>>> print(open('start_36.cif').read())   # mmCIF, C-alpha atoms
data_final
loop_
_atom_site.group_PDB
_atom_site.id
_atom_site.type_symbol
_atom_site.label_atom_id
_atom_site.label_comp_id
_atom_site.auth_asym_id
_atom_site.auth_seq_id
_atom_site.Cartn_x
_atom_site.Cartn_y
_atom_site.Cartn_z
ATOM 1 C CA MET F 1 0.000 0.000 0.000
ATOM 2 C CA ARG F 2 1.395 3.357 -1.002
ATOM 3 C CA ASP F 3 2.378 5.867 1.663
ATOM 4 C CA ILE F 4 1.650 8.986 -0.419
ATOM 5 C CA LYS F 5 -2.007 9.993 -0.535
ATOM 6 C CA THR F 6 -1.835 13.726 -1.287
ATOM 7 C CA VAL F 7 0.242 15.639 -3.825
ATOM 8 C CA LEU F 8 0.941 19.325 -3.224
ATOM 9 C CA PHE F 9 1.974 21.500 -6.158
ATOM 10 C CA ASP F 10 3.878 24.746 -6.160
ATOM 11 C CA LEU F 11 2.652 27.234 -8.782
ATOM 12 C CA ASP F 12 5.224 29.830 -9.872
ATOM 13 C CA GLY F 13 8.045 28.134 -11.754
ATOM 14 C CA THR F 14 6.424 24.719 -11.349
ATOM 15 C CA LEU F 15 2.937 24.509 -12.865
ATOM 16 C CA LEU F 16 3.425 28.010 -14.274
ATOM 17 C CA PRO F 17 6.781 28.448 -16.045
ATOM 18 C CA MET F 18 8.110 31.945 -15.486
ATOM 19 C CA ASP F 19 11.104 34.222 -15.574
ATOM 20 C CA TYR F 20 10.924 35.231 -11.919
ATOM 21 C CA ASP F 21 12.985 38.418 -12.221
ATOM 22 C CA LEU F 22 10.953 39.569 -15.221
ATOM 23 C CA PHE F 23 7.724 38.712 -13.413
ATOM 24 C CA VAL F 24 8.700 40.859 -10.421
ATOM 25 C CA LYS F 25 9.714 43.721 -12.733
ATOM 26 C CA MET F 26 6.451 43.618 -14.696
ATOM 27 C CA TYR F 27 4.279 43.078 -11.618
ATOM 28 C CA PHE F 28 5.754 45.954 -9.634
ATOM 29 C CA GLY F 29 6.002 48.156 -12.709
ATOM 30 C CA ALA F 30 2.302 47.778 -13.424
ATOM 31 C CA MET F 31 1.380 48.368 -9.787
ATOM 32 C CA ALA F 32 3.563 51.456 -9.478
ATOM 33 C CA LYS F 33 2.037 52.898 -12.655
ATOM 34 C CA HIS F 34 -1.470 52.242 -11.329
ATOM 35 C CA LEU F 35 -0.765 53.866 -7.967
ATOM 36 C CA ALA F 36 1.353 56.841 -9.108
ATOM 37 C CA PRO F 37 -1.632 59.113 -9.977
ATOM 38 C CA HIS F 38 -2.869 58.624 -6.416
ATOM 39 C CA GLY F 39 0.215 60.035 -4.702
ATOM 40 C CA TYR F 40 2.424 56.955 -4.405
ATOM 41 C CA VAL F 41 6.016 57.530 -5.515
ATOM 42 C CA PRO F 42 6.985 54.381 -7.466
ATOM 43 C CA ASP F 43 10.273 53.554 -5.708
ATOM 44 C CA ASP F 44 8.769 54.265 -2.303
ATOM 45 C CA VAL F 45 5.646 52.161 -2.777
ATOM 46 C CA ILE F 46 7.646 49.262 -4.195
ATOM 47 C CA GLY F 47 9.884 49.444 -1.131
ATOM 48 C CA ALA F 48 6.803 49.402 1.102
ATOM 49 C CA ILE F 49 5.419 46.361 -0.719
ATOM 50 C CA TRP F 50 8.715 44.551 -0.189
ATOM 51 C CA SER F 51 8.530 45.459 3.500
ATOM 52 C CA GLY F 52 5.017 44.041 3.652
ATOM 53 C CA THR F 53 6.191 40.893 1.881
ATOM 54 C CA LYS F 54 8.991 40.470 4.421
ATOM 55 C CA ALA F 55 6.424 40.815 7.199
ATOM 56 C CA MET F 56 4.466 37.942 5.671
ATOM 57 C CA VAL F 57 7.562 35.758 5.350
ATOM 58 C CA MET F 58 8.378 36.452 9.005
ATOM 59 C CA ASN F 59 4.796 35.843 10.169
ATOM 60 C CA ASP F 60 4.781 33.677 13.285
ATOM 61 C CA GLY F 61 1.182 32.588 12.885
ATOM 62 C CA THR F 62 -0.397 35.163 15.174
ATOM 63 C CA CYS F 63 -2.335 36.664 12.255
ATOM 64 C CA THR F 64 -3.091 35.979 8.612
ATOM 65 C CA ASN F 65 -0.547 36.964 6.004
ATOM 66 C CA TYR F 66 -3.127 39.482 4.817
ATOM 67 C CA ASP F 67 -3.022 41.221 8.188
ATOM 68 C CA ALA F 68 0.770 40.949 8.398
ATOM 69 C CA PHE F 69 1.116 42.672 5.032
ATOM 70 C CA TRP F 70 -1.403 45.426 5.604
ATOM 71 C CA ASP F 71 -0.282 46.141 9.158
ATOM 72 C CA LYS F 72 3.218 46.781 7.833
ATOM 73 C CA PHE F 73 2.105 48.680 4.744
ATOM 74 C CA CYS F 74 -0.212 50.903 6.781
ATOM 75 C CA SER F 75 2.549 51.558 9.310
ATOM 76 C CA ILE F 76 4.393 53.217 6.423
ATOM 77 C CA TYR F 77 1.521 55.077 4.735
ATOM 78 C CA GLY F 78 -0.946 55.438 7.593
ATOM 79 C CA GLU F 79 -4.630 56.174 7.039
ATOM 80 C CA LYS F 80 -4.027 56.919 3.362
ATOM 81 C CA ALA F 81 -3.228 53.246 2.748
ATOM 82 C CA LYS F 82 -6.429 52.123 4.480
ATOM 83 C CA LYS F 83 -8.525 54.493 2.385
ATOM 84 C CA ASP F 84 -6.762 53.408 -0.799
ATOM 85 C CA MET F 85 -7.151 49.655 -0.323
ATOM 86 C CA PRO F 86 -9.783 49.538 -3.126
ATOM 87 C CA LEU F 87 -7.065 50.759 -5.495
ATOM 88 C CA PHE F 88 -5.105 47.592 -4.819
ATOM 89 C CA ASP F 89 -8.181 45.450 -5.408
ATOM 90 C CA GLU F 90 -8.707 47.274 -8.690
ATOM 91 C CA PHE F 91 -5.100 46.642 -9.681
ATOM 92 C CA TYR F 92 -5.393 42.894 -9.221
ATOM 93 C CA GLU F 93 -8.744 42.772 -10.995
ATOM 94 C CA LYS F 94 -7.728 44.831 -14.041
ATOM 95 C CA TYR F 95 -3.973 45.224 -14.387
ATOM 96 C CA PHE F 96 -2.185 42.309 -12.710
ATOM 97 C CA VAL F 97 -2.715 40.387 -15.962
ATOM 98 C CA LYS F 98 0.080 42.489 -17.509
ATOM 99 C CA ALA F 99 2.559 40.295 -15.626
ATOM 100 C CA LYS F 100 1.363 37.297 -17.641
ATOM 101 C CA ASP F 101 3.867 38.143 -20.371
ATOM 102 C CA SER F 102 6.677 37.073 -18.003
ATOM 103 C CA CYS F 103 5.211 33.563 -17.926
ATOM 104 C CA SER F 104 5.084 30.786 -20.474
ATOM 105 C CA PHE F 105 2.802 27.773 -20.740
ATOM 106 C CA ASN F 106 3.410 24.051 -20.394
ATOM 107 C CA PRO F 107 0.442 21.823 -21.272
ATOM 108 C CA LYS F 108 2.167 19.026 -19.358
ATOM 109 C CA ALA F 109 1.286 20.839 -16.120
ATOM 110 C CA LYS F 110 -2.452 20.180 -16.431
ATOM 111 C CA GLU F 111 -1.761 16.727 -17.850
ATOM 112 C CA ALA F 112 0.246 15.893 -14.729
ATOM 113 C CA VAL F 113 -2.419 17.238 -12.361
ATOM 114 C CA ASP F 114 -5.147 15.300 -14.162
ATOM 115 C CA PHE F 115 -3.046 12.132 -14.265
ATOM 116 C CA ILE F 116 -2.296 12.286 -10.551
ATOM 117 C CA LYS F 117 -5.958 12.836 -9.682
ATOM 118 C CA SER F 118 -6.933 9.934 -11.950
ATOM 119 C CA LYS F 119 -4.712 7.691 -9.853
ATOM 120 C CA GLY F 120 -6.720 8.516 -6.739
ATOM 121 C CA PHE F 121 -4.468 11.083 -5.131
ATOM 122 C CA ARG F 122 -5.778 14.210 -3.474
ATOM 123 C CA VAL F 123 -4.281 17.357 -5.024
ATOM 124 C CA ALA F 124 -3.758 20.791 -3.480
ATOM 125 C CA LEU F 125 -1.917 23.929 -4.534
ATOM 126 C CA ALA F 126 0.793 24.896 -2.064
ATOM 127 C CA THR F 127 1.910 28.179 -3.606
ATOM 128 C CA ASN F 128 3.712 30.668 -1.375
ATOM 129 C CA PRO F 129 0.786 32.638 0.100
ATOM 130 C CA ILE F 130 1.999 36.175 -0.482
ATOM 131 C CA PHE F 131 -0.688 37.062 -3.049
ATOM 132 C CA PRO F 132 -4.414 37.734 -2.725
ATOM 133 C CA SER F 133 -6.857 35.104 -3.895
ATOM 134 C CA SER F 134 -7.677 37.052 -7.063
ATOM 135 C CA ALA F 135 -4.023 37.117 -8.177
ATOM 136 C CA THR F 136 -3.548 33.447 -7.341
ATOM 137 C CA GLY F 137 -6.648 32.474 -9.293
ATOM 138 C CA GLN F 138 -5.366 34.362 -12.321
ATOM 139 C CA ARG F 139 -1.945 32.696 -12.174
ATOM 140 C CA ILE F 140 -3.637 29.303 -11.909
ATOM 141 C CA SER F 141 -5.584 30.106 -15.085
ATOM 142 C CA TRP F 142 -2.385 31.180 -16.866
ATOM 143 C CA ALA F 143 -1.118 27.655 -16.208
ATOM 144 C CA GLY F 144 -4.181 26.206 -17.971
ATOM 145 C CA LEU F 145 -5.871 25.106 -14.746
ATOM 146 C CA THR F 146 -8.730 26.327 -12.562
ATOM 147 C CA THR F 147 -9.127 26.686 -8.825
ATOM 148 C CA ASP F 148 -11.552 23.755 -8.984
ATOM 149 C CA ASP F 149 -8.650 21.508 -9.964
ATOM 150 C CA PHE F 150 -7.369 21.784 -6.390
ATOM 151 C CA GLU F 151 -8.864 20.798 -3.080
ATOM 152 C CA LEU F 152 -7.123 23.787 -1.510
ATOM 153 C CA PHE F 153 -5.025 26.689 -2.750
ATOM 154 C CA THR F 154 -3.137 28.940 -0.387
ATOM 155 C CA THR F 155 -3.407 32.741 -0.463
ATOM 156 C CA TYR F 156 -2.454 35.568 1.849
ATOM 157 C CA GLU F 157 -6.035 35.692 3.118
ATOM 158 C CA ASN F 158 -6.176 32.059 4.280
ATOM 159 C CA SER F 159 -2.612 31.438 5.493
ATOM 160 C CA HIS F 160 -0.612 32.323 8.586
ATOM 161 C CA PHE F 161 2.891 31.392 7.426
ATOM 162 C CA CYS F 162 5.043 31.478 4.289
ATOM 163 C CA LYS F 163 7.630 29.266 2.682
ATOM 164 C CA PRO F 164 10.261 28.235 3.697
ATOM 165 C CA ASN F 165 8.794 28.089 7.217
ATOM 166 C CA PRO F 166 7.932 24.419 7.880
ATOM 167 C CA ALA F 167 4.875 25.676 9.780
ATOM 168 C CA TYR F 168 3.414 26.673 6.399
ATOM 169 C CA TYR F 169 3.433 23.050 5.308
ATOM 170 C CA GLN F 170 2.033 21.900 8.628
ATOM 171 C CA GLU F 171 -0.844 24.367 8.264
ATOM 172 C CA VAL F 172 -1.613 22.946 4.823
ATOM 173 C CA CYS F 173 -1.639 19.432 6.266
ATOM 174 C CA ASP F 174 -3.883 20.499 9.120
ATOM 175 C CA ARG F 175 -6.386 22.069 6.753
ATOM 176 C CA LEU F 176 -6.431 18.983 4.547
ATOM 177 C CA GLY F 177 -6.548 16.624 7.515
ATOM 178 C CA VAL F 178 -3.513 14.650 6.355
ATOM 179 C CA LYS F 179 -0.207 13.611 7.874
ATOM 180 C CA PRO F 180 2.971 15.143 6.408
ATOM 181 C CA GLU F 181 4.408 11.710 5.672
ATOM 182 C CA GLU F 182 1.377 11.064 3.445
ATOM 183 C CA CYS F 183 2.257 14.050 1.223
ATOM 184 C CA LEU F 184 4.487 14.661 -1.776
ATOM 185 C CA MET F 185 5.514 18.280 -2.375
ATOM 186 C CA VAL F 186 6.160 19.044 -6.047
ATOM 187 C CA GLY F 187 8.081 22.265 -6.554
ATOM 188 C CA ASN F 188 10.998 23.986 -8.256
ATOM 189 C CA ASP F 189 12.712 25.905 -5.460
ATOM 190 C CA ALA F 190 15.640 24.165 -3.769
ATOM 191 C CA ASP F 191 15.084 26.105 -0.552
ATOM 192 C CA GLU F 192 11.390 26.931 -0.303
ATOM 193 C CA ASP F 193 9.937 23.647 -1.534
ATOM 194 C CA THR F 194 12.401 21.231 0.050
ATOM 195 C CA ALA F 195 11.560 22.823 3.408
ATOM 196 C CA ALA F 196 8.541 20.512 3.325
ATOM 197 C CA GLU F 197 10.764 17.561 4.184
ATOM 198 C CA LYS F 198 11.484 19.122 7.595
ATOM 199 C CA ILE F 199 8.050 17.959 8.744
ATOM 200 C CA GLY F 200 8.254 14.593 6.993
ATOM 201 C CA MET F 201 6.959 15.257 3.478
ATOM 202 C CA LYS F 202 8.624 13.770 0.432
ATOM 203 C CA VAL F 203 9.739 16.169 -2.297
ATOM 204 C CA PHE F 204 9.897 15.990 -6.098
ATOM 205 C CA LEU F 205 11.668 18.809 -7.939
ATOM 206 C CA VAL F 206 10.437 19.924 -11.367
ATOM 207 C CA THR F 207 13.588 21.093 -13.115
ATOM 208 C CA ASP F 208 12.152 23.120 -16.020
ATOM 209 C CA CYS F 209 12.534 26.378 -14.042
ATOM 210 C CA LEU F 210 14.677 25.101 -11.177
ATOM 211 C CA LEU F 211 15.755 27.686 -8.606
ATOM 212 C CA ASN F 212 18.834 26.812 -6.562
ATOM 213 C CA LYS F 213 20.302 30.134 -5.517
ATOM 214 C CA ASN F 214 22.520 28.576 -2.847
ATOM 215 C CA GLY F 215 23.920 25.921 -5.143
ATOM 216 C CA ARG F 216 22.739 22.993 -3.032
ATOM 217 C CA ASP F 217 23.441 19.394 -3.959
ATOM 218 C CA LEU F 218 20.020 18.146 -5.058
ATOM 219 C CA SER F 219 21.060 14.713 -6.242
ATOM 220 C CA SER F 220 19.177 12.970 -3.440
ATOM 221 C CA TYR F 221 15.785 14.276 -4.617
ATOM 222 C CA PRO F 222 13.636 12.649 -7.280
ATOM 223 C CA GLN F 223 13.468 15.251 -10.028
ATOM 224 C CA GLY F 224 12.907 15.977 -13.686
ATOM 225 C CA SER F 225 10.157 16.985 -16.106
ATOM 226 C CA PHE F 226 6.405 16.508 -15.716
ATOM 227 C CA ASP F 227 6.783 13.273 -17.663
ATOM 228 C CA ASP F 228 9.310 12.142 -15.059
ATOM 229 C CA LEU F 229 6.869 13.142 -12.317
ATOM 230 C CA MET F 230 4.074 11.101 -13.891
ATOM 231 C CA ASN F 231 6.405 8.119 -14.193
ATOM 232 C CA TYR F 232 7.340 8.573 -10.532
ATOM 233 C CA ILE F 233 3.659 8.626 -9.543
ATOM 234 C CA ALA F 234 2.935 5.593 -11.699
ATOM 235 C CA GLU F 235 5.606 3.677 -9.785
ATOM 236 C CA LEU F 236 3.943 4.595 -6.484
ATOM 237 C CA VAL F 237 0.673 2.957 -7.447
ATOM 238 C CA LYS F 238 2.120 -0.283 -8.785
#
>>> encode(input="start_36.cif", output="structure tokens")
Amino acid sequence: MRDIKTVLFDLDGTLLPMDYDLFVKMYFGAMAKHLAPHGYVPDDVIGAIWSGTKAMVMNDGTCTNYDAFWDKFCSIYGEKAKKDMPLFDEFYEKYFVKAKDSCSFNPKAKEAVDFIKSKGFRVALATNPIFPSSATGQRISWAGLTTDDFELFTTYENSHFCKPNPAYYQEVCDRLGVKPEECLMVGNDADEDTAAEKIGMKVFLVTDCLLNKNGRDLSSYPQGSFDDLMNYIAELVK
């Protein structure tokens, strides 16, 4: 009997191929342009967003990532930020799509998700929850999938931790009602996604857009393309 019952997928760089640096440039560029007419100096607001992102990454679970971000952002801009929150909602609804040009498309991503579900595995999306639900839903669609393809997808509204904090993975397990050792984390980041093994998950690395900024030896991890992943899953159910 197989040990793995649930497969968790990362999104950016895994199901959704992307040039991360270009994505950040296009994402922040579009946001700065949207906010500039409302009194936000581009370099300053981008710096504030990075500060809010750091607050989410450092979140100790005492609040949602949404609250961690906005508490920090509002500490910089005060009441103005609170009044202007609809501007951010408008950005994600209308202009976030401009960042799509930094991403490509791999039909094998949906094929792999569908194949894994057909083999009886539960599937969830364990993407780093630093984005609102609207932005996450759009990025899922760019990958050729829908939110309905996943039992759960993490966002800054519904999460209290970020990668690479192992508590993020534990929270996902708790919400799914599964044990870590029953999960396979499929990702592309040598630091953020392999952190899942610290609580007992197994890890498969998709190498199409592999990130390994610290030059770690990854030879001990099963890895490869989506075809390799499907072959790996097929071996689990034999």
>>> closest_residue(input="start_36.cif", among="F:Ser220, F:Thr147, F:Thr136, F:Asn128", to="F:Phe161", atoms="all atoms listed in the file")
F:Asn128
>>> atom_distance(input="start_36.cif", atom1="atom CA of F:Val123", atom2="atom CA of F:Cys162")
19.3 Å
>>> resolve_selection(input="start_36.cif", expression="the PyMOL selection byres ((chain F and resi 194-205) around 6)", output="list in words")
Pro164, Pro166, Pro180, Glu181, Cys183, Leu184, Met185, Val186, Gly187, Asn188, Ala190, Asp191, Glu192, Asp193, Val206, Thr207, Pro222 and Gln223 of chain F
>>> residues_around(input="start_36.cif", residues="stretch 83-86 of chain F", least_positions_apart="5", cutoff="12 Å", atoms="all atoms listed in the file", output="list in words")
His34, Leu35, Pro37, His38, Gly39, Tyr40, Trp70, Phe73, Cys74, Tyr77, Gly78, Phe91, Tyr92 and Glu93 of chain F
>>> residues_near_point(input="start_36.cif", point="(9.2, 5.3, -6.8)", cutoff="12 Å", atoms="all atoms listed in the file", output="list in words")
Arg2, Asp3, Ile4, Leu184, Lys202, Val203, Phe204, Tyr221, Pro222, Gln223, Asp228, Leu229, Met230, Asn231, Tyr232, Ile233, Ala234, Glu235, Leu236, Val237 and Lys238 of chain F
>>> write_last_selection(input="start_36.cif", atoms="C-alpha atoms", output="mmCIF file, in the coordinates of the input")
data_model
loop_
_atom_site.group_PDB
_atom_site.id
_atom_site.type_symbol
_atom_site.label_atom_id
_atom_site.label_comp_id
_atom_site.auth_asym_id
_atom_site.auth_seq_id
_atom_site.Cartn_x
_atom_site.Cartn_y
_atom_site.Cartn_z
ATOM 1 C CA ARG F 2 1.395 3.357 -1.002
ATOM 2 C CA ASP F 3 2.378 5.867 1.663
ATOM 3 C CA ILE F 4 1.650 8.986 -0.419
ATOM 4 C CA LEU F 184 4.487 14.661 -1.776
ATOM 5 C CA LYS F 202 8.624 13.770 0.432
ATOM 6 C CA VAL F 203 9.739 16.169 -2.297
ATOM 7 C CA PHE F 204 9.897 15.990 -6.098
ATOM 8 C CA TYR F 221 15.785 14.276 -4.617
ATOM 9 C CA PRO F 222 13.636 12.649 -7.280
ATOM 10 C CA GLN F 223 13.468 15.251 -10.028
ATOM 11 C CA ASP F 228 9.310 12.142 -15.059
ATOM 12 C CA LEU F 229 6.869 13.142 -12.317
ATOM 13 C CA MET F 230 4.074 11.101 -13.891
ATOM 14 C CA ASN F 231 6.405 8.119 -14.193
ATOM 15 C CA TYR F 232 7.340 8.573 -10.532
ATOM 16 C CA ILE F 233 3.659 8.626 -9.543
ATOM 17 C CA ALA F 234 2.935 5.593 -11.699
ATOM 18 C CA GLU F 235 5.606 3.677 -9.785
ATOM 19 C CA LEU F 236 3.943 4.595 -6.484
ATOM 20 C CA VAL F 237 0.673 2.957 -7.447
ATOM 21 C CA LYS F 238 2.120 -0.283 -8.785
#
>>> closest_residue(input="start_36.cif", among="F:Leu16, F:Met56, F:Leu87, F:Val113", to="F:Ser159", atoms="only C-alpha atoms")
F:Met56
>>> resolve_selection(input="start_36.cif", expression="the PyMOL selection byres ((chain F and resi 20) around 12)", output="JSON, numbers by chain")
{"F": [11, 12, 13, 14, 16, 17, 18, 19, 21, 22, 23, 24, 25, 26, 27, 99, 100, 101, 102, 103, 104, 188, 189, 209, 210, 211]}
>>> axis_aligned_box(input="start_36.cif", around="stretch 188-207 of chain F", padding_each_side="3 Å", output="JSON")
{"center_x": 11.3, "center_y": 20.4, "center_z": -2.2, "size_x": 14.7, "size_y": 19.2, "size_z": 27.9}
>>> atom_distance(input="start_36.cif", atom1="atom CA of F:Gly144", atom2="atom CA of F:Lys110")
6.5 Å
>>> atom_distance(input="start_36.cif", atom1="atom CA of F:Phe226", atom2="atom CA of F:Asp10")
12.9 Å
>>> closest_residue(input="start_36.cif", among="F:Gly52, F:Pro42, F:Gly120, F:Pro129", to="F:His160", atoms="all atoms listed in the file")
F:Pro129
>>> residues_around(input="start_36.cif", residues="stretch 150-154 of chain F", least_positions_apart="3", cutoff="12 Å", atoms="only C-alpha atoms", output="PyMOL selection string")
chain F and resi 6-11+64-66+110+113-114+116-117+121-137+139-140+145-147+157-163+168-169+171-177
>>> build_atoms(input="start_36.cif", residues="stretch 82-95 of chain F", atoms="N, CA, C and O atoms", output="compact mmCIF listing (two decimals), in the coordinates of the input")
# COMPACT_ATOMS: atom_id res chain seq x y z
N LYS F 82 -5.15 52.75 4.17
CA LYS F 82 -6.43 52.12 4.48
C LYS F 82 -7.53 52.62 3.54
O LYS F 82 -8.36 51.84 3.06
N LYS F 83 -7.52 53.93 3.27
CA LYS F 83 -8.52 54.49 2.38
C LYS F 83 -8.33 54.04 0.94
O LYS F 83 -9.31 53.94 0.18
N ASP F 84 -7.08 53.75 0.59
CA ASP F 84 -6.76 53.41 -0.80
C ASP F 84 -6.76 51.91 -1.07
O ASP F 84 -6.42 51.48 -2.18
N MET F 85 -7.16 51.10 -0.10
CA MET F 85 -7.15 49.66 -0.32
C MET F 85 -7.94 49.24 -1.56
O MET F 85 -7.53 48.31 -2.28
N PRO F 86 -9.07 49.91 -1.89
CA PRO F 86 -9.78 49.54 -3.13
C PRO F 86 -8.94 49.70 -4.39
O PRO F 86 -9.17 49.02 -5.39
N LEU F 87 -7.94 50.59 -4.34
CA LEU F 87 -7.06 50.76 -5.50
C LEU F 87 -6.25 49.49 -5.75
O LEU F 87 -5.98 49.13 -6.90
N PHE F 88 -5.87 48.82 -4.68
CA PHE F 88 -5.11 47.59 -4.82
C PHE F 88 -6.00 46.48 -5.36
O PHE F 88 -5.57 45.68 -6.21
N ASP F 89 -7.23 46.43 -4.88
CA ASP F 89 -8.18 45.45 -5.41
C ASP F 89 -8.39 45.67 -6.90
O ASP F 89 -8.42 44.71 -7.69
N GLU F 90 -8.50 46.94 -7.28
CA GLU F 90 -8.71 47.27 -8.69
C GLU F 90 -7.50 46.86 -9.52
O GLU F 90 -7.65 46.36 -10.65
N PHE F 91 -6.31 47.04 -8.96
CA PHE F 91 -5.10 46.64 -9.68
C PHE F 91 -5.12 45.15 -10.00
O PHE F 91 -4.88 44.75 -11.14
N TYR F 92 -5.41 44.33 -8.99
CA TYR F 92 -5.39 42.89 -9.22
C TYR F 92 -6.50 42.46 -10.17
O TYR F 92 -6.32 41.55 -10.98
N GLU F 93 -7.62 43.13 -10.13
CA GLU F 93 -8.74 42.77 -11.00
C GLU F 93 -8.50 43.15 -12.45
O GLU F 93 -8.90 42.42 -13.37
N LYS F 94 -7.82 44.29 -12.68
CA LYS F 94 -7.73 44.83 -14.04
C LYS F 94 -6.33 44.82 -14.65
O LYS F 94 -6.20 44.71 -15.89
N TYR F 95 -5.30 44.97 -13.83
CA TYR F 95 -3.97 45.22 -14.39
C TYR F 95 -2.91 44.19 -14.04
O TYR F 95 -1.85 44.17 -14.66
